[in-house]
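Below is one structure, written out as structure tokens; comments come after it.
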Amino acid sequence: CIDIRTLYNTTGKLSYDPGFLATASCSSAISYIDGDKGELLYRGYPIEQLAKECNFMETCYLLLKGELPNKEQYDEYVRNVANYSMVHEQMQFFFRGFRRDSHPMSLLVATVGALSSFYHDSLDISDPEHRELSALRLLAKMPTLVAMSYKYNAGQPFVYPRKDLYYTANFMRMMFATPAEDYKVNDVLVRALDRILILHADHEQNASTSTVRLAGSSGANPFACISAGIACLWGPAHGGANEASLAMIKKIGSVDKVAGFVKAVKDGTAGTRLMGFGHRVYKNFDPRATLMRETCHEVLEELGLKDDPLFKIALEIERVALEDDYFLSRKLYPNVDFYSGIVQSALGIPSSLFTGIFALARTVGWIAQWKEMISDPEQRIGRPRQLYVGETRRDVVPMSKRG
Ligand code: ACO
């Protein structure tokens, strides 16, 4: 790893690295990816073990505090998060200013940013207690806001959070309960969504996390920073890929059309990449994709949808692509988004909300990274340089003399 700052200070030379392919923007102790081995660790623990042994709340505790909680710490933490899950009643009116068919991500960018206007203590980021409180509020209120976005789109009344339910069960209830019928918690489905949340919780310096850090480096309040992260996540090359991936699978329509579609992707005539394939860092299998495929099996089995045509098309895409030199030579394997759309769809989540679920999961990672950045003595305002390719110095000609 070259210390570019020393190089710059001693020689005045800059590095040119569009897309930050070879630039470490910070040091971090939160998550680690070995892209060649297909390994992801949170605070040193392999993602496979966390997905099997822990729930999302334990994972949140781990990411934010550095260690897994014991039973007592866990119970207190879960109670604390549940206590902060309500949003201010005024927030309902804020939602009502939007069109009913607004994309949930636009609702989330706005409403999460708006939380800062309710919590003035969040503006003082120099106080560690205020930072803890903001972290807790963000984690606790995010499911409420995501569910409110869904209900607003659906034209249904908002469902208030319940403190006696586990985080993910409470979220599913806020999504699916109606005045006519309460939501009956299904442990298999709650566990499946919980696993989606664990798998998406953090992923070192991806685009949205880097956005949160960059916004936070100016001293902006945490709600505004997370809102910036949500905006970045929205794009199809990042968190929007799960929505795009499911749309692609639906567009293909049947197993026998897969080979032709994959060929068209390679020829460039499909007008799209193979959505849910490829990753900037993983140049081997994305370990989250493997776990997501397992979860897909479990959920479809539970719901009696074992012969789900979309899942069959997805499996066929994977089979065809992984036998094709185009994908193998470029190290393009399924990423986490490839199967998550099918699981979420089976859970009853509309595709327009997939990226919102990703935002819900990633909030803990964004907060952990933001907190780490604020307390890092090396932290300075993020301010990349550029390679100027415009005009050299010239003089202004008065308008009357311009040709
Ligand atoms: N389908 C077909 N070809 C692809 C794909 C794909 N999904 N991804 C990359 N390629 C090809 C490119 O055309 C390029 O080919 P070339 O060398 O012949 O020009 C080569 O692979 C390298 O592609 P880059 O764009 O340089 O790879 P990069 O690392 O910048 O992009 C990315 C990574 C954005 C994820 C890309 O693979 C992609 O667009 N995938 C589809 C979208 C997607 O699934 N995004 C989710 C990412 S995971 C996440 O956000 C949680």
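Following the order of the structure tokens, first chain is A, next is B, and so on, with residues numbered from 1 inside each chain and ligands from 1 in the order they appear.
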
Ligand 1 neighbours within 6 Å using only C-alpha atoms and all ligand atoms, as a PDB file with C-alpha atoms, in the first residue's frame:
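Just written: part.pdb:
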ATOM      1  CA  ALA A 237     -25.244  -0.365 -10.352  1.00  0.00           C
ATOM      2  CA  HIS A 238     -25.468  -0.561  -6.527  1.00  0.00           C
ATOM      3  CA  GLY A 239     -28.539  -1.309  -4.387  1.00  0.00           C
ATOM      4  CA  ALA A 241     -29.522  -4.181  -8.812  1.00  0.00           C
ATOM      5  CA  ARG A 273     -25.669  -6.390 -18.430  1.00  0.00           C
ATOM      6  CA  LEU A 274     -26.571  -9.575 -16.609  1.00  0.00           C
ATOM      7  CA  MET A 275     -28.047  -7.875 -13.563  1.00  0.00           C
ATOM      8  CA  GLY A 276     -27.020  -9.441 -10.253  1.00  0.00           C
ATOM      9  CA  PHE A 277     -23.737 -10.636 -11.754  1.00  0.00           C
ATOM     10  CA  GLY A 278     -20.281  -9.205 -11.197  1.00  0.00           C
ATOM     11  CA  HIS A 279     -18.740  -7.264  -8.380  1.00  0.00           C
ATOM     12  CA  ARG A 280     -16.002  -4.699  -8.062  1.00  0.00           C
ATOM     13  CA  ARG A 330     -14.107 -11.686 -16.460  1.00  0.00           C
ATOM     14  CA  ASN A 335     -23.711 -11.302  -6.390  1.00  0.00           C
ATOM     15  CA  VAL A 336     -25.998 -10.924  -3.359  1.00  0.00           C
TER      16      VAL A 336
END

For this session: Excluding A:Met175 and residues on its chain fewer than 6 positions from it, collect all residues at most 10 Å away from it, counting only C-alpha atoms, and give them as an MDAnalysis selection string.
Result: chainID A and resid 143:144 146:151 156 158:160 169 183 348:349

For this session: Apply DSSP to the structure's backbone, then extract all residues of stretch 190-316 of chain A labelled alpha helix (DSSP H) and return them as number ranges by chain.
Result: A: 190-199, 207-216, 222-233, 241-252, 258-267, 287-302, 309-316

Prev. selection, C-alpha atoms, output as a CSV table (one decimal), in the first residue's frame:
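What follows is the written file part-v7.csv:
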chain,number,residue,atom,x,y,z
A,190,VAL,CA,-38.9,-13.7,9.7
A,191,ARG,CA,-35.7,-15.6,9.9
A,192,ALA,CA,-35.3,-15.3,6.1
A,193,LEU,CA,-35.7,-11.6,6.1
A,194,ASP,CA,-33.5,-11.4,9.1
A,195,ARG,CA,-30.8,-13.2,7.1
A,196,ILE,CA,-31.2,-10.8,4.2
A,197,LEU,CA,-30.6,-8.0,6.7
A,198,ILE,CA,-27.5,-9.7,8.1
A,199,LEU,CA,-26.1,-10.3,4.6
A,207,ALA,CA,-20.3,3.5,-3.0
A,208,SER,CA,-23.1,4.3,-0.5
A,209,THR,CA,-20.8,3.9,2.6
A,210,SER,CA,-18.2,6.1,1.0
A,211,THR,CA,-20.9,8.6,0.3
A,212,VAL,CA,-21.9,8.5,4.0
A,213,ARG,CA,-18.3,9.0,5.0
A,214,LEU,CA,-17.8,11.8,2.5
A,215,ALA,CA,-20.9,13.6,3.6
A,216,GLY,CA,-20.0,13.1,7.3
A,222,PRO,CA,-25.9,11.8,10.8
A,223,PHE,CA,-29.5,11.8,9.5
A,224,ALA,CA,-28.4,13.9,6.5
A,225,CYS,CA,-25.4,11.6,6.0
A,226,ILE,CA,-27.5,8.4,6.0
A,227,SER,CA,-30.0,10.2,3.6
A,228,ALA,CA,-27.0,10.8,1.2
A,229,GLY,CA,-26.1,7.1,1.5
A,230,ILE,CA,-29.7,6.1,0.6
A,231,ALA,CA,-29.6,8.3,-2.4
A,232,CYS,CA,-26.4,6.6,-3.6
A,233,LEU,CA,-27.7,3.2,-2.9
A,241,ALA,CA,-29.5,-4.2,-8.8
A,242,ASN,CA,-31.9,-6.5,-7.0
A,243,GLU,CA,-34.9,-4.8,-8.5
A,244,ALA,CA,-33.2,-4.8,-11.9
A,245,SER,CA,-32.3,-8.5,-11.5
A,246,LEU,CA,-35.8,-9.6,-10.8
A,247,ALA,CA,-37.1,-7.5,-13.6
A,248,MET,CA,-34.6,-9.2,-15.9
A,249,ILE,CA,-35.6,-12.7,-14.8
A,250,LYS,CA,-39.3,-11.8,-15.4
A,251,LYS,CA,-38.5,-10.4,-18.8
A,252,ILE,CA,-36.7,-13.6,-19.8
A,258,VAL,CA,-32.1,-18.2,-20.8
A,259,ALA,CA,-29.3,-19.3,-23.2
A,260,GLY,CA,-30.5,-16.9,-25.9
A,261,PHE,CA,-30.7,-14.0,-23.4
A,262,VAL,CA,-27.2,-14.7,-22.0
A,263,LYS,CA,-25.9,-14.7,-25.6
A,264,ALA,CA,-27.6,-11.4,-26.3
A,265,VAL,CA,-26.0,-9.9,-23.1
A,266,LYS,CA,-22.5,-11.0,-24.4
A,267,ASP,CA,-23.2,-9.7,-27.9
A,287,PRO,CA,-20.4,-15.6,-0.3
A,288,ARG,CA,-23.6,-13.7,0.4
A,289,ALA,CA,-25.1,-15.0,-2.9
A,290,THR,CA,-24.5,-18.6,-1.8
A,291,LEU,CA,-26.4,-17.9,1.5
A,292,MET,CA,-29.1,-16.1,-0.4
A,293,ARG,CA,-29.6,-19.1,-2.7
A,294,GLU,CA,-30.0,-21.3,0.4
A,295,THR,CA,-32.5,-18.9,1.9
A,296,CYS,CA,-34.4,-18.9,-1.4
A,297,HIS,CA,-34.8,-22.7,-1.2
A,298,GLU,CA,-36.0,-22.4,2.5
A,299,VAL,CA,-38.6,-19.7,1.8
A,300,LEU,CA,-40.0,-21.3,-1.4
A,301,GLU,CA,-40.3,-24.6,0.5
A,302,GLU,CA,-42.1,-23.0,3.4
A,309,PRO,CA,-40.7,-20.5,-12.3
A,310,LEU,CA,-38.6,-17.4,-11.5
A,311,PHE,CA,-36.3,-19.4,-9.2
A,312,LYS,CA,-35.9,-22.0,-12.0
A,313,ILE,CA,-35.0,-19.2,-14.5
A,314,ALA,CA,-32.4,-17.8,-12.0
A,315,LEU,CA,-30.8,-21.2,-11.4
A,316,GLU,CA,-30.6,-21.7,-15.2

Seminar exercise, completed: Counting only C-alpha atoms, closest pick from A:Lys283, A:Ala361, A:Ile4, A:Glu323 relative to A:Met57 is A:Ala361

Exercise. So, counting only C-alpha atoms, which residue among A:Gly155, A:Phe98, A:Leu139, A:Tyr282 is closest to A:Tyr32?
Worked result: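 Closest candidate: A:Tyr282.
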
Problem set entry | Computed interatomic separation between atom CA of A:Asp286 and atom CA of A:Leu328 (Å) | 13.9 Å

Exercise. Taking only C-alpha atoms into account, which of A:Ser25, A:Ser218, A:Ser352, A:Thr6 comes nearest A:Ala154?
Worked result: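 Answer, going by the shortest atom-to-atom distance: A:Ser352.
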
Residues of stretch 188-214 of chain A that approach stretch 34-45 of chain A to 12 Å or less, counting only C-alpha atoms: could you list each one with the shortest pair of atoms and its distance in Å to one decimal, rows by chain and increasing residue number, as a tab-separated table?
residue	atom	partner	partner_atom	distance
A:Ile198	CA	A:Tyr42	CA	10.0
A:Leu199	CA	A:Leu40	CA	9.6
A:His200	CA	A:Leu40	CA	11.1
A:Ala201	CA	A:Tyr42	CA	9.1
A:Asp202	CA	A:Tyr42	CA	7.6
A:His203	CA	A:Leu40	CA	8.0
A:Glu204	CA	A:Tyr42	CA	9.4

Write out, as a compact mmCIF listing (two decimals), in the first residue's frame, the residues just selected, with N, CA and C atoms.
# COMPACT_ATOMS: atom_id res chain seq x y z
N ILE A 198 -28.87 -9.38 7.67
CA ILE A 198 -27.49 -9.68 8.11
C ILE A 198 -26.54 -9.60 6.90
N LEU A 199 -26.95 -10.21 5.80
CA LEU A 199 -26.05 -10.29 4.63
C LEU A 199 -25.76 -8.92 4.02
N HIS A 200 -26.69 -7.98 4.21
CA HIS A 200 -26.50 -6.65 3.61
C HIS A 200 -26.00 -5.62 4.62
N ALA A 201 -25.69 -6.04 5.84
CA ALA A 201 -25.47 -5.06 6.91
C ALA A 201 -24.24 -4.17 6.71
N ASP A 202 -23.17 -4.72 6.18
CA ASP A 202 -22.00 -3.86 5.93
C ASP A 202 -21.15 -4.47 4.84
N HIS A 203 -20.40 -3.65 4.14
CA HIS A 203 -19.58 -4.18 3.05
C HIS A 203 -18.46 -3.21 2.74
N GLU A 204 -17.66 -2.95 3.66
CA GLU A 204 -16.55 -1.97 3.67
C GLU A 204 -16.86 -0.72 2.84

For this session: May I ask for the distance between atom CA of A:Thr272 and atom CA of A:Asp307, given in Å to one decimal place?
Result: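 One can read the atom CA of A:Thr272 to atom CA of A:Asp307 distance as 27.0 Å.
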
For this session: Using only C-alpha atoms, determine which residues lie at most 12 Å from A:Asp75, disregarding the query and same-chain residues fewer than 3 positions distant; provide the list as a list in words.
Result: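 In the requested format, the answer is Met57, Glu58, Tyr61, Pro69, Asn70, Lys71, Glu72, Val78, Arg79, Asn80, Val81, Ala82, Asp164 and Tyr166 of chain A.
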
Let me see the file: selected residues, N, CA and C atoms, as a PDB file, in the first residue's frame.
ATOM      1  N   MET A  57     -30.144  -8.391  15.181  1.00  0.00           N
ATOM      2  CA  MET A  57     -29.865  -7.499  16.310  1.00  0.00           C
ATOM      3  C   MET A  57     -28.482  -7.780  16.915  1.00  0.00           C
ATOM      4  N   GLU A  58     -28.126  -9.072  16.998  1.00  0.00           N
ATOM      5  CA  GLU A  58     -26.776  -9.399  17.480  1.00  0.00           C
ATOM      6  C   GLU A  58     -25.724  -8.839  16.522  1.00  0.00           C
ATOM      7  N   TYR A  61     -25.305  -5.130  17.001  1.00  0.00           N
ATOM      8  CA  TYR A  61     -24.509  -4.880  18.210  1.00  0.00           C
ATOM      9  C   TYR A  61     -23.024  -5.082  17.879  1.00  0.00           C
ATOM     10  N   PRO A  69     -22.820  -9.497  21.679  1.00  0.00           N
ATOM     11  CA  PRO A  69     -23.341  -9.266  23.038  1.00  0.00           C
ATOM     12  C   PRO A  69     -23.540 -10.574  23.801  1.00  0.00           C
ATOM     13  N   ASN A  70     -23.399 -10.520  25.156  1.00  0.00           N
ATOM     14  CA  ASN A  70     -23.881 -11.659  25.945  1.00  0.00           C
ATOM     15  C   ASN A  70     -25.393 -11.482  26.110  1.00  0.00           C
ATOM     16  N   LYS A  71     -26.033 -12.455  26.783  1.00  0.00           N
ATOM     17  CA  LYS A  71     -27.505 -12.441  26.841  1.00  0.00           C
ATOM     18  C   LYS A  71     -28.042 -11.130  27.461  1.00  0.00           C
ATOM     19  N   GLU A  72     -27.378 -10.718  28.563  1.00  0.00           N
ATOM     20  CA  GLU A  72     -27.843  -9.517  29.269  1.00  0.00           C
ATOM     21  C   GLU A  72     -27.709  -8.269  28.372  1.00  0.00           C
ATOM     22  N   VAL A  78     -31.858  -4.805  22.671  1.00  0.00           N
ATOM     23  CA  VAL A  78     -33.114  -5.004  21.934  1.00  0.00           C
ATOM     24  C   VAL A  78     -34.221  -4.115  22.526  1.00  0.00           C
ATOM     25  N   ARG A  79     -34.250  -4.050  23.876  1.00  0.00           N
ATOM     26  CA  ARG A  79     -35.247  -3.186  24.547  1.00  0.00           C
ATOM     27  C   ARG A  79     -35.056  -1.730  24.144  1.00  0.00           C
ATOM     28  N   ASN A  80     -33.794  -1.333  24.149  1.00  0.00           N
ATOM     29  CA  ASN A  80     -33.448   0.046  23.836  1.00  0.00           C
ATOM     30  C   ASN A  80     -33.863   0.418  22.419  1.00  0.00           C
ATOM     31  N   VAL A  81     -33.530  -0.458  21.476  1.00  0.00           N
ATOM     32  CA  VAL A  81     -33.879  -0.197  20.066  1.00  0.00           C
ATOM     33  C   VAL A  81     -35.395  -0.102  19.942  1.00  0.00           C
ATOM     34  N   ALA A  82     -36.106  -1.055  20.555  1.00  0.00           N
ATOM     35  CA  ALA A  82     -37.578  -1.059  20.460  1.00  0.00           C
ATOM     36  C   ALA A  82     -38.161   0.240  21.030  1.00  0.00           C
ATOM     37  N   ASP A 164     -43.071  -5.272  21.788  1.00  0.00           N
ATOM     38  CA  ASP A 164     -42.926  -6.648  22.274  1.00  0.00           C
ATOM     39  C   ASP A 164     -42.456  -7.600  21.182  1.00  0.00           C
ATOM     40  N   TYR A 166     -39.854  -8.881  18.077  1.00  0.00           N
ATOM     41  CA  TYR A 166     -38.465  -8.801  17.629  1.00  0.00           C
ATOM     42  C   TYR A 166     -38.396  -7.835  16.428  1.00  0.00           C
TER      43      TYR A 166
END

For this session: Work out how far atom CA of A:Asp187 is from atom CA of A:Glu53, in Å to one decimal.
Result: 15.3 Å

Problem set entry | Per-residue DSSP, stretch 16-59 of chain A, filtered to strand (DSSP E), as a list in words |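 Strand (DSSP E) members of stretch 16-59 of chain A, listed: Ser31, Tyr32, Ile33, Asp34, Glu39, Leu40, Leu41, Tyr42, Tyr45 and Pro46 of chain A.
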
Output N, CA and C atoms for every residue in the selection just made, as a PDB file, in the first residue's frame.
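Dumped to selection_16.pdb:
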ATOM      1  N   SER A  31     -15.597  -4.198   8.549  1.00  0.00           N
ATOM      2  CA  SER A  31     -15.772  -5.412   7.732  1.00  0.00           C
ATOM      3  C   SER A  31     -14.578  -5.617   6.816  1.00  0.00           C
ATOM      4  N   TYR A  32     -14.379  -6.863   6.428  1.00  0.00           N
ATOM      5  CA  TYR A  32     -13.220  -7.226   5.618  1.00  0.00           C
ATOM      6  C   TYR A  32     -13.667  -8.135   4.488  1.00  0.00           C
ATOM      7  N   ILE A  33     -13.214  -7.835   3.278  1.00  0.00           N
ATOM      8  CA  ILE A  33     -13.541  -8.677   2.122  1.00  0.00           C
ATOM      9  C   ILE A  33     -12.244  -9.208   1.524  1.00  0.00           C
ATOM     10  N   ASP A  34     -12.194 -10.517   1.302  1.00  0.00           N
ATOM     11  CA  ASP A  34     -11.133 -11.083   0.469  1.00  0.00           C
ATOM     12  C   ASP A  34     -11.821 -11.493  -0.831  1.00  0.00           C
ATOM     13  N   GLU A  39     -14.495 -14.166   0.556  1.00  0.00           N
ATOM     14  CA  GLU A  39     -14.696 -14.174   2.012  1.00  0.00           C
ATOM     15  C   GLU A  39     -15.161 -12.795   2.494  1.00  0.00           C
ATOM     16  N   LEU A  40     -16.131 -12.815   3.405  1.00  0.00           N
ATOM     17  CA  LEU A  40     -16.593 -11.564   4.028  1.00  0.00           C
ATOM     18  C   LEU A  40     -16.626 -11.758   5.539  1.00  0.00           C
ATOM     19  N   LEU A  41     -15.956 -10.873   6.268  1.00  0.00           N
ATOM     20  CA  LEU A  41     -15.934 -10.939   7.734  1.00  0.00           C
ATOM     21  C   LEU A  41     -16.526  -9.655   8.303  1.00  0.00           C
ATOM     22  N   TYR A  42     -17.352  -9.783   9.347  1.00  0.00           N
ATOM     23  CA  TYR A  42     -17.772  -8.616  10.129  1.00  0.00           C
ATOM     24  C   TYR A  42     -17.006  -8.696  11.447  1.00  0.00           C
ATOM     25  N   TYR A  45     -15.586 -12.017  12.165  1.00  0.00           N
ATOM     26  CA  TYR A  45     -16.430 -13.232  12.103  1.00  0.00           C
ATOM     27  C   TYR A  45     -16.899 -13.495  10.668  1.00  0.00           C
ATOM     28  N   PRO A  46     -16.767 -14.741  10.163  1.00  0.00           N
ATOM     29  CA  PRO A  46     -17.240 -15.045   8.809  1.00  0.00           C
ATOM     30  C   PRO A  46     -18.752 -14.858   8.691  1.00  0.00           C
TER      31      PRO A  46
END

Problem set entry | Shortest interatomic distance to A:Thr23 - which of A:Thr392, A:Gln205, A:Ser329, A:Thr269, counting only C-alpha atoms |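 Among the listed residues, A:Gln205 lies closest to A:Thr23.
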
Exercise. Which of these, A:Val397, A:Leu68, A:Leu138, A:Ile342, has the shortest distance to A:Asn221 once you count only C-alpha atoms?
Worked result: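 Smallest distance to A:Asn221 is found for A:Leu138.
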
Problem set entry | Close residues, A:Glu372 itself excluded, 9 Å, only C-alpha atoms, min 5 positions apart in chain, as a VMD selection string | chain A and resid 28 to 30 64 367

May I have the residues from that selection written out with C-alpha atoms, as a tab-separated table (two decimals), in the first residue's frame?
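Dumped everything to part.tsv:
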chain	number	residue	atom	x	y	z
A	28	SER	CA	-11.49	0.61	9.11
A	29	ALA	CA	-11.93	-2.26	11.57
A	30	ILE	CA	-15.55	-3.07	10.72
A	64	LEU	CA	-21.56	-0.96	16.21
A	367	ILE	CA	-23.80	4.28	11.13
